[in-house]
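File shown: run_29.txt (compact mmCIF, C-alpha atoms).
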```
# COMPACT_ATOMS: atom_id res chain seq x y z
CA MET R 264 64.94 -24.23 -44.61
CA GLN R 265 62.14 -22.26 -46.22
CA LYS R 266 59.75 -23.36 -43.47
CA LYS R 267 62.18 -22.18 -40.80
CA LEU R 268 62.55 -18.83 -42.58
CA SER R 269 58.77 -18.39 -42.80
CA ALA R 270 58.40 -19.13 -39.09
CA LEU R 271 61.11 -16.58 -38.30
CA VAL R 272 59.39 -13.92 -40.42
CA LEU R 273 56.07 -14.56 -38.68
CA ALA R 274 57.73 -14.30 -35.29
CA VAL R 275 59.32 -10.97 -36.23
CA ILE R 276 55.98 -9.63 -37.48
CA ALA R 277 54.21 -10.72 -34.28
CA ALA R 278 56.85 -9.03 -32.13
CA ALA R 279 56.54 -5.83 -34.17
CA LEU R 280 52.78 -5.79 -33.74
CA LEU R 281 53.22 -5.89 -29.98
CA LEU R 282 55.20 -2.67 -30.16
CA ILE R 283 52.48 -0.77 -32.02
CA PRO R 284 50.52 1.51 -29.60
CA ALA R 285 46.93 0.49 -28.99
CA SER R 286 44.34 2.62 -30.73
CA SER R 287 41.85 4.70 -28.72
CA SER R 288 39.11 2.22 -29.60
CA ASP R 289 41.20 -0.62 -28.17
CA VAL R 290 41.73 1.33 -24.94
CA GLN R 291 38.03 2.05 -24.61
CA ALA R 292 37.22 -1.60 -25.19
CA LYS R 293 39.05 -2.56 -22.00
CA THR R 294 36.68 -3.29 -19.13
CA VAL R 295 36.74 -0.79 -16.25
CA ASN R 296 35.93 -2.53 -12.95
CA LEU R 297 34.73 -0.22 -10.19
CA THR R 298 33.66 -0.74 -6.57
CA TYR R 299 30.67 1.03 -5.02
CA SER R 300 30.33 1.48 -1.24
CA ILE R 301 26.69 2.03 -0.17
CA PHE R 302 25.71 2.68 3.43
CA PHE R 303 22.12 1.44 2.99
CA GLY R 304 21.45 -2.24 3.58
CA PRO R 305 20.88 -4.44 0.51
CA THR R 306 17.10 -4.65 0.97
CA HIS R 307 16.55 -0.90 1.34
CA SER R 308 14.78 0.72 -1.61
CA GLN R 309 17.50 3.35 -2.01
CA CYS R 310 20.19 0.68 -2.20
CA LYS R 311 18.17 -1.11 -4.88
CA GLU R 312 17.91 2.16 -6.81
CA ALA R 313 21.66 2.69 -6.51
CA MET R 314 22.32 -0.80 -7.84
CA ALA R 315 19.89 -0.16 -10.70
CA TRP R 316 21.97 2.93 -11.54
CA ALA R 317 25.11 0.77 -11.63
CA GLU R 318 23.39 -1.77 -13.89
CA GLU R 319 22.28 1.00 -16.24
CA ILE R 320 25.88 2.26 -16.51
CA GLN R 321 27.02 -1.23 -17.43
CA LYS R 322 24.20 -1.59 -19.96
CA ARG R 323 24.81 1.74 -21.72
CA THR R 324 28.56 1.16 -21.89
CA ASN R 325 27.96 -2.30 -23.39
CA GLY R 326 29.83 -3.87 -20.52
CA ALA R 327 32.86 -1.60 -20.80
CA VAL R 328 32.19 -0.57 -17.18
CA THR R 329 31.24 -2.99 -14.42
CA ILE R 330 30.35 -1.79 -10.92
CA THR R 331 30.44 -4.12 -7.92
CA ALA R 332 28.29 -2.85 -5.03
CA PHE R 333 29.09 -3.31 -1.35
CA PRO R 334 25.88 -2.46 0.58
CA GLY R 335 25.44 -1.99 4.30
CA GLY R 336 28.78 -0.28 4.86
CA THR R 337 30.69 -3.55 4.28
CA LEU R 338 33.49 -1.81 2.35
CA THR R 339 33.55 1.51 4.21
CA LYS R 340 31.31 2.56 7.10
CA ALA R 341 28.79 5.35 6.59
CA ASP R 342 30.95 8.02 8.24
CA GLN R 343 34.07 6.85 6.38
CA CYS R 344 32.50 6.51 2.94
CA TYR R 345 33.49 9.91 1.53
CA ASP R 346 37.12 9.67 2.65
CA GLY R 347 37.14 6.10 1.37
CA VAL R 348 36.33 7.38 -2.12
CA ALA R 349 38.75 10.30 -1.94
CA LYS R 350 41.57 7.96 -0.87
CA GLY R 351 40.70 5.19 -3.33
CA ILE R 352 39.49 2.56 -0.87
CA SER R 353 36.34 2.47 -2.99
CA ASP R 354 35.85 3.95 -6.44
CA ILE R 355 32.29 5.21 -5.85
CA GLY R 356 30.44 5.88 -2.61
CA MET R 357 27.01 6.84 -1.29
CA SER R 358 26.44 8.21 2.19
CA CYS R 359 25.20 11.31 4.03
CA PHE R 360 26.95 14.65 4.33
CA ALA R 361 25.64 14.79 7.90
CA TYR R 362 27.66 11.77 9.02
CA THR R 363 30.84 13.86 8.99
CA ARG R 364 29.62 17.10 10.49
CA GLY R 365 31.81 20.11 9.80
CA ARG R 366 33.41 18.50 6.75
CA PHE R 367 30.85 20.00 4.34
CA PRO R 368 30.01 23.43 5.79
CA VAL R 369 28.10 24.69 2.74
CA MET R 370 26.29 21.47 1.83
CA GLU R 371 25.14 20.89 5.43
CA SER R 372 22.86 23.92 5.08
CA LEU R 373 20.53 21.63 3.10
CA ASP R 374 19.86 19.58 6.24
CA LEU R 375 18.44 22.45 8.30
CA PRO R 376 14.68 22.53 9.10
CA HIS R 377 13.50 24.35 5.98
CA GLY R 378 10.12 22.62 5.73
CA TYR R 379 10.69 20.40 2.69
CA PRO R 380 7.32 19.10 1.47
CA THR R 381 8.51 15.94 -0.34
CA GLY R 382 11.56 13.85 -1.14
CA MET R 383 11.33 14.86 -4.79
CA VAL R 384 11.48 18.55 -3.88
CA ALA R 385 14.36 17.96 -1.45
CA THR R 386 16.30 15.94 -4.06
CA ARG R 387 15.85 18.50 -6.82
CA VAL R 388 16.74 21.34 -4.46
CA ALA R 389 19.94 19.58 -3.34
CA ASN R 390 21.20 19.01 -6.88
CA GLU R 391 20.47 22.51 -8.17
CA PHE R 392 21.85 24.00 -4.95
CA TYR R 393 25.17 22.28 -5.61
CA GLN R 394 25.23 23.49 -9.21
CA GLU R 395 24.59 27.06 -8.06
CA MET R 396 27.02 27.07 -5.13
CA LYS R 397 29.79 24.70 -6.34
CA PRO R 398 31.47 24.60 -2.90
CA ALA R 399 35.18 23.79 -2.84
CA GLU R 400 34.59 21.20 -0.10
CA LEU R 401 33.73 18.63 -2.81
CA ASN R 402 36.64 19.35 -5.13
CA ASP R 403 38.57 16.22 -4.12
CA VAL R 404 35.99 13.92 -5.73
CA LYS R 405 33.69 13.84 -8.74
CA LEU R 406 30.13 14.47 -7.55
CA LEU R 407 27.79 12.37 -9.69
CA TYR R 408 24.50 13.37 -8.06
CA ILE R 409 22.68 13.93 -4.77
CA HIS R 410 19.40 12.63 -3.42
CA ALA R 411 17.52 13.59 -0.26
CA HIS R 412 14.67 12.12 1.76
CA GLY R 413 11.21 13.57 2.37
CA PRO R 414 10.33 15.71 5.39
CA GLY R 415 11.92 14.54 8.62
CA LEU R 416 9.24 14.30 11.30
CA LEU R 417 9.14 13.31 14.97
CA HIS R 418 8.46 9.67 15.92
CA THR R 419 8.15 8.88 19.62
CA LYS R 420 7.25 6.25 22.19
CA LYS R 421 4.82 8.63 23.96
CA PRO R 422 2.54 11.23 22.35
CA VAL R 423 3.91 14.68 21.55
CA LYS R 424 1.09 17.08 20.69
CA THR R 425 2.75 20.40 21.54
CA ILE R 426 6.27 21.73 21.65
CA ALA R 427 6.02 21.70 25.44
CA ASP R 428 5.58 17.90 25.40
CA LEU R 429 9.01 17.57 23.80
CA LYS R 430 10.90 19.29 26.60
CA GLY R 431 13.62 17.11 28.14
CA MET R 432 12.96 14.09 25.91
CA LYS R 433 16.00 12.21 24.59
CA ILE R 434 15.63 12.37 20.82
CA ARG R 435 17.86 10.84 18.17
CA CYS R 436 18.46 13.53 15.56
CA PRO R 437 20.81 14.35 12.67
CA ASN R 438 21.05 18.02 13.71
CA PRO R 439 21.56 18.49 17.47
CA SER R 440 21.02 22.26 17.36
CA VAL R 441 17.44 21.81 16.08
CA ALA R 442 16.48 19.32 18.78
CA SER R 443 18.02 21.57 21.42
CA ALA R 444 16.12 24.60 20.10
CA LEU R 445 12.89 22.62 20.47
CA GLY R 446 13.68 21.79 24.10
CA ALA R 447 14.72 18.15 23.56
CA VAL R 448 17.95 16.44 24.57
CA PRO R 449 19.71 15.60 21.28
CA VAL R 450 21.34 12.21 20.76
CA ALA R 451 23.39 11.73 17.58
CA MET R 452 23.49 8.27 15.98
CA PRO R 453 23.20 6.69 12.53
CA GLN R 454 19.88 5.25 11.37
CA GLY R 455 21.28 1.75 11.66
CA GLU R 456 21.57 2.08 15.45
CA THR R 457 18.22 3.79 16.06
CA TYR R 458 15.95 0.72 16.21
CA GLU R 459 17.86 -0.83 19.09
CA ALA R 460 18.21 2.53 20.87
CA LEU R 461 14.42 3.02 20.74
CA GLN R 462 13.78 -0.58 21.73
CA LYS R 463 16.04 -0.33 24.79
CA GLY R 464 14.90 3.15 25.81
CA VAL R 465 18.27 4.78 25.14
CA VAL R 466 16.25 7.40 23.26
CA GLU R 467 12.54 8.24 23.53
CA GLY R 468 12.07 9.28 19.95
CA THR R 469 13.71 10.08 16.64
CA PHE R 470 13.56 12.74 13.97
CA ALA R 471 13.38 10.91 10.64
CA PRO R 472 11.37 10.67 7.42
CA MET R 473 8.31 8.44 7.33
CA GLU R 474 10.18 5.90 5.21
CA THR R 475 12.27 4.79 8.20
CA LEU R 476 9.13 3.41 9.84
CA LYS R 477 9.16 0.60 7.27
CA GLY R 478 12.57 0.82 5.61
CA TRP R 479 14.33 0.55 8.97
CA LYS R 480 11.35 -1.12 10.77
CA GLN R 481 11.21 1.69 13.34
CA ALA R 482 7.41 1.59 13.44
CA GLU R 483 7.85 -1.54 15.56
CA VAL R 484 9.50 0.44 18.37
CA ILE R 485 7.56 3.75 18.33
CA LYS R 486 3.88 4.47 18.89
CA TYR R 487 3.36 8.03 17.61
CA THR R 488 4.35 10.30 14.75
CA THR R 489 4.02 14.07 15.13
CA GLU R 490 3.47 15.81 11.79
CA CYS R 491 5.66 18.85 12.44
CA THR R 492 5.76 19.63 8.73
CA ASP R 493 6.88 23.26 9.03
CA ILE R 494 10.29 22.08 10.30
CA GLY R 495 10.48 19.12 7.93
CA TYR R 496 14.19 18.72 7.33
CA THR R 497 16.03 16.48 4.89
CA THR R 498 19.31 14.59 4.87
CA ALA R 499 21.25 15.12 1.65
CA MET R 500 23.13 12.06 0.38
CA PHE R 501 26.03 12.16 -2.03
CA VAL R 502 27.05 9.79 -4.80
CA VAL R 503 30.70 10.54 -5.50
CA MET R 504 33.54 8.99 -7.50
CA ASN R 505 37.28 8.91 -6.95
CA LEU R 506 38.75 11.80 -8.94
CA ASP R 507 41.64 9.82 -10.45
CA LYS R 508 39.27 7.06 -11.59
CA TRP R 509 36.94 9.66 -13.08
CA ASN R 510 39.73 11.49 -14.92
CA ALA R 511 40.98 8.20 -16.37
CA LEU R 512 37.65 7.45 -18.07
CA PRO R 513 37.27 8.12 -21.80
CA ASP R 514 35.03 11.09 -22.63
CA ASP R 515 32.25 8.93 -24.07
CA ILE R 516 32.10 6.90 -20.84
CA LYS R 517 32.07 10.08 -18.74
CA LYS R 518 29.11 11.32 -20.79
CA ILE R 519 27.19 8.12 -20.04
CA PHE R 520 27.87 8.47 -16.30
CA GLU R 521 26.58 12.04 -16.36
CA GLU R 522 23.50 11.21 -18.43
CA VAL R 523 22.49 8.28 -16.22
CA SER R 524 23.18 10.22 -13.03
CA LEU R 525 20.99 13.10 -14.21
CA GLN R 526 18.19 10.63 -14.94
CA TRP R 527 18.55 8.96 -11.55
CA ILE R 528 17.97 12.19 -9.59
CA ASP R 529 14.22 12.01 -10.10
CA LYS R 530 14.23 8.22 -9.78
CA HIS R 531 15.57 8.56 -6.24
CA GLY R 532 13.12 11.37 -5.49
CA THR R 533 10.22 9.21 -6.62
CA VAL R 534 11.40 6.28 -4.51
CA TRP R 535 11.74 8.51 -1.43
CA ASP R 536 8.13 9.67 -1.79
CA GLU R 537 6.85 6.15 -2.41
CA SER R 538 8.78 4.94 0.63
CA ASP R 539 7.27 7.70 2.80
CA ALA R 540 3.79 6.54 1.80
CA GLU R 541 4.71 2.93 2.53
CA GLY R 542 6.19 3.89 5.91
CA ARG R 543 3.03 5.73 6.85
CA ALA R 544 0.81 2.80 5.87
CA PHE R 545 3.05 0.32 7.68
CA SER R 546 3.02 2.35 10.90
CA LEU R 547 -0.78 2.68 10.83
CA SER R 548 -1.11 -1.06 10.20
CA LEU R 549 0.66 -1.67 13.51
CA GLY R 550 -1.83 0.55 15.34
CA ASN R 551 0.47 3.55 15.69
CA GLU R 552 -1.03 7.04 15.76
CA ILE R 553 -0.19 10.02 13.56
CA ILE R 554 -0.69 13.33 15.35
CA PRO R 555 -1.34 16.34 13.08
CA LEU R 556 -0.30 19.76 14.34
CA SER R 557 -2.48 22.82 13.83
CA ALA R 558 -1.12 25.65 11.70
CA GLU R 559 -0.54 27.65 14.88
CA GLU R 560 1.38 24.85 16.59
CA ASN R 561 3.43 24.18 13.47
CA ALA R 562 4.33 27.87 13.42
CA ARG R 563 5.50 27.64 17.05
CA TRP R 564 7.82 24.76 16.15
CA ALA R 565 9.19 26.68 13.16
CA ALA R 566 9.79 29.79 15.28
CA ALA R 567 11.57 27.71 17.91
CA ALA R 568 13.78 26.06 15.28
CA GLN R 569 14.68 29.30 13.48
CA PRO R 570 17.62 30.10 15.83
CA ALA R 571 19.34 26.94 14.54
CA ILE R 572 19.25 28.41 11.03
CA ASP R 573 20.35 31.84 12.29
CA GLU R 574 23.21 30.21 14.19
CA TYR R 575 24.34 28.42 11.04
CA VAL R 576 24.38 31.67 9.05
CA LYS R 577 26.31 33.54 11.74
CA ALA R 578 28.91 30.80 12.19
CA LYS R 579 29.56 30.40 8.47
CA GLU R 580 29.69 34.13 7.69
CA GLU R 581 32.26 34.57 10.46
CA LYS R 582 34.42 32.00 8.65
CA GLY R 583 34.04 33.75 5.31
CA LEU R 584 31.57 31.22 3.92
CA PRO R 585 28.33 32.19 2.13
CA GLY R 586 25.88 31.31 4.91
CA LYS R 587 23.28 33.93 3.96
CA LYS R 588 23.45 33.05 0.29
CA ALA R 589 23.10 29.33 1.04
CA ILE R 590 19.90 29.77 3.05
CA ALA R 591 18.42 32.23 0.56
CA GLU R 592 19.19 29.86 -2.32
CA ILE R 593 17.59 26.88 -0.57
CA ARG R 594 14.41 28.83 0.16
CA ARG R 595 14.26 30.01 -3.45
CA LEU R 596 14.67 26.49 -4.75
CA ILE R 597 12.07 25.01 -2.37
CA ALA R 598 9.57 27.57 -3.67
CA LYS R 599 10.58 26.82 -7.27
CA PHE R 600 10.22 23.05 -7.04
CA SER R 601 7.13 23.10 -4.83
CA LYS R 602 5.02 24.73 -7.56
```

Would you mind giving the structure from this file in structure tokens?
Amino acid sequence: MQKKLSALVLAVIAAALLLIPASSSDVQAKTVNLTYSIFFGPTHSQCKEAMAWAEEIQKRTNGAVTITAFPGGTLTKADQCYDGVAKGISDIGMSCFAYTRGRFPVMESLDLPHGYPTGMVATRVANEFYQEMKPAELNDVKLLYIHAHGPGLLHTKKPVKTIADLKGMKIRCPNPSVASALGAVPVAMPQGETYEALQKGVVEGTFAPMETLKGWKQAEVIKYTTECTDIGYTTAMFVVMNLDKWNALPDDIKKIFEEVSLQWIDKHGTVWDESDAEGRAFSLSLGNEIIPLSAEENARWAAAAQPAIDEYVKAKEEKGLPGKKAIAEIRRLIAKFSK
């Protein structure tokens, strides 16, 4: 009888314990499993850096957060990545603002031909620009950080030594207005489709950073690179998190995300510059030629491209957006980080 009574008491105690609310430490101890959609392929250096970021989060949270990466657009395609995060298809996502043109009217000012000298400068400019401008267009997600490639240059199947040589050529480009201003016929397409388009002659050239010559193997299907550095543009790339998932994280975990993300800004910038150097060396190893432009010719290209920037300012100001301020801020930041 006494044994039965003891068993009953233990059962009652166990049931009571189940009704006691979990402490905050117990809640934080639960593992948070997150998905990460990355548009770069798994072998690309920027994808590897993104996965290293995810591993660092897991390490610093002592395994309280695990992040499963889906490279190559396997979870959401490049142009659907942002909406995928906002809607909860993925918890975190990395892609380009430029892949959904018009969706990010303030942030797209970063991609204009400002003459970025390096990927590190472009990456630092993009992050501080966001902090200064804080555009409402990103309010439906948590922006973790931004990175941006080195100067976008012209890579072609036939030599382009002057702006006149570019007239009428079909050129893949992220910003159609710039290619048009230079006299080319713009063709919009993601990087992943560019190799085949060059190979088949769908396009005669592409505006892209040097890293694509190795990272995307495009040196195999072009013969020349024109160093039009004065119009060197960038493509800003976001790393964002679903807002509900972010808000549900404990404060100590949020702090780790922010600390690691801040550290990874320069890591991405460094990798972009290393990749540009590797792309240049790879292209030269295949016998391709790099064509430098004189200061005078570079100035002609910059003057021809300026209307694209003016057009951006005019269009945004007419909609009540800070077009003038955006351009002025970018130029200030390029000067600041180029010192």

Skip Lys530 in chain R itself and residues of its chain fewer than 5 positions away, then list as an MDAnalysis selection string all residues within 9 Å of it, counting all atoms listed in the file. chainID R and resid 312 383 535

Excluding Ser353 in chain R and its own-chain neighbours fewer than 4 positions away, which residues fall within 10 Å of it when counting only C-alpha atoms? Please give them as a ChimeraX atom specification. /R:297-300,332-333,338-339,344-349,504-505

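We find CA of Ile528 in chain R and CA of Phe392 in chain R to be spaced 13.3 Å apart.
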
Within 7 Å of range 465-474 of chain R, counting all atoms listed in the file, which residues qualify if same-chain residues fewer than 3 places away don't, as a list of chain:residue names? R:His412, R:Gly413, R:Pro414, R:Gly415, R:Leu416, R:Leu417, R:His418, R:Thr419, R:Lys420, R:Met432, R:Lys433, R:Ile434, R:Arg435, R:Cys436, R:Ala460, R:Leu461, R:Lys477, R:Gly478, R:Ser538, R:Asp539, R:Glu541, R:Gly542, R:Arg543

Name the residues within 12 Å of (10.7, 32.4, 3.4), counting all atoms listed in the file in the file's coordinates, and put them as a short mmCIF file (atom, residue, chain, number, x, y, z; two decimals) with C-alpha atoms, keeping the file's coordinate frame.
```cif
data_model
loop_
_atom_site.label_atom_id
_atom_site.label_comp_id
_atom_site.auth_asym_id
_atom_site.auth_seq_id
_atom_site.Cartn_x
_atom_site.Cartn_y
_atom_site.Cartn_z
CA HIS R 377 13.50 24.35 5.98
CA GLY R 378 10.12 22.62 5.73
CA ASP R 493 6.88 23.26 9.03
CA ALA R 565 9.19 26.68 13.16
CA GLN R 569 14.68 29.30 13.48
CA ILE R 590 19.90 29.77 3.05
CA ALA R 591 18.42 32.23 0.56
CA GLU R 592 19.19 29.86 -2.32
CA ILE R 593 17.59 26.88 -0.57
CA ARG R 594 14.41 28.83 0.16
CA ARG R 595 14.26 30.01 -3.45
CA LEU R 596 14.67 26.49 -4.75
CA ILE R 597 12.07 25.01 -2.37
CA ALA R 598 9.57 27.57 -3.67
#
```

So that I can check the surroundings of Lys587 in chain R, please list as a list in words every protein, DNA and RNA residue that reaches within 9 Å of it, counting all atoms listed in the file and ignoring chain neighbours fewer than 5 positions away. Val576, Lys577, Lys579, Glu580 and Glu592 of chain R

Dump as a PyMOL selection string all residues having an atom at most 7 Å from (14.6, 21.3, -3.1), computed in the file's coordinates with all atoms listed in the file. chain R and resi 384-389+593+596-597+600

Just the residues within 10 Å of Arg364 in chain R, please, counting only C-alpha atoms, with nothing from its chain fewer than 6 positions along; format it as an MDAnalysis selection string. chainID R and resid 342 371 437:438

Prev. selection, C-alpha atoms, output as a CSV table (one decimal), in the frame of the given file:
```
chain,number,residue,atom,x,y,z
R,342,ASP,CA,31.0,8.0,8.2
R,371,GLU,CA,25.1,20.9,5.4
R,437,PRO,CA,20.8,14.4,12.7
R,438,ASN,CA,21.0,18.0,13.7
```

From CA of Val503 in chain R to CA of Leu406 in chain R the spacing works out at 4.5 Å

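Across the structure, CA of Lys486 in chain R and CA of Lys421 in chain R are spaced 6.6 Å apart.
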
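When all atoms listed in the file are used to compute distances to Pro453 in chain R, the closest of the residues R:Gly336, R:Pro398, R:Gly351, R:Pro380 turns out to be R:Gly336.
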
May I ask you to restore N, CA and C atoms in range 331-343 of chain R and write the result as an mmCIF file, keeping the file's coordinate frame?
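Written output follows (rebuild.cif):
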```
data_model
loop_
_atom_site.group_PDB
_atom_site.id
_atom_site.type_symbol
_atom_site.label_atom_id
_atom_site.label_comp_id
_atom_site.auth_asym_id
_atom_site.auth_seq_id
_atom_site.Cartn_x
_atom_site.Cartn_y
_atom_site.Cartn_z
ATOM 1 N N THR R 331 30.758 -3.154 -8.966
ATOM 2 C CA THR R 331 30.440 -4.120 -7.920
ATOM 3 C C THR R 331 30.044 -3.364 -6.657
ATOM 4 N N ALA R 332 28.806 -3.573 -6.196
ATOM 5 C CA ALA R 332 28.290 -2.850 -5.030
ATOM 6 C C ALA R 332 28.601 -3.581 -3.734
ATOM 7 N N PHE R 333 28.866 -2.798 -2.696
ATOM 8 C CA PHE R 333 29.090 -3.310 -1.350
ATOM 9 C C PHE R 333 28.120 -2.596 -0.414
ATOM 10 N N PRO R 334 26.900 -3.131 -0.250
ATOM 11 C CA PRO R 334 25.880 -2.460 0.580
ATOM 12 C C PRO R 334 26.162 -2.615 2.072
ATOM 13 N N GLY R 335 25.396 -1.857 2.853
ATOM 14 C CA GLY R 335 25.440 -1.990 4.300
ATOM 15 C C GLY R 335 26.741 -1.588 4.951
ATOM 16 N N GLY R 336 27.524 -0.745 4.274
ATOM 17 C CA GLY R 336 28.780 -0.280 4.860
ATOM 18 C C GLY R 336 29.828 -1.371 4.989
ATOM 19 N N THR R 337 29.754 -2.427 4.163
ATOM 20 C CA THR R 337 30.690 -3.550 4.280
ATOM 21 C C THR R 337 32.085 -3.211 3.747
ATOM 22 N N LEU R 338 32.182 -2.225 2.869
ATOM 23 C CA LEU R 338 33.490 -1.810 2.350
ATOM 24 C C LEU R 338 34.037 -0.631 3.140
ATOM 25 N N THR R 339 33.205 0.398 3.323
ATOM 26 C CA THR R 339 33.550 1.510 4.210
ATOM 27 C C THR R 339 32.294 1.882 4.997
ATOM 28 N N LYS R 340 32.453 2.177 6.263
ATOM 29 C CA LYS R 340 31.310 2.560 7.100
ATOM 30 C C LYS R 340 30.742 3.893 6.629
ATOM 31 N N ALA R 341 29.501 4.164 7.060
ATOM 32 C CA ALA R 341 28.790 5.350 6.590
ATOM 33 C C ALA R 341 29.591 6.634 6.788
ATOM 34 N N ASP R 342 30.223 6.787 7.952
ATOM 35 C CA ASP R 342 30.950 8.020 8.240
ATOM 36 C C ASP R 342 32.357 8.033 7.634
ATOM 37 N N GLN R 343 32.753 6.931 7.007
ATOM 38 C CA GLN R 343 34.070 6.850 6.380
ATOM 39 C C GLN R 343 33.971 6.749 4.854
#
```
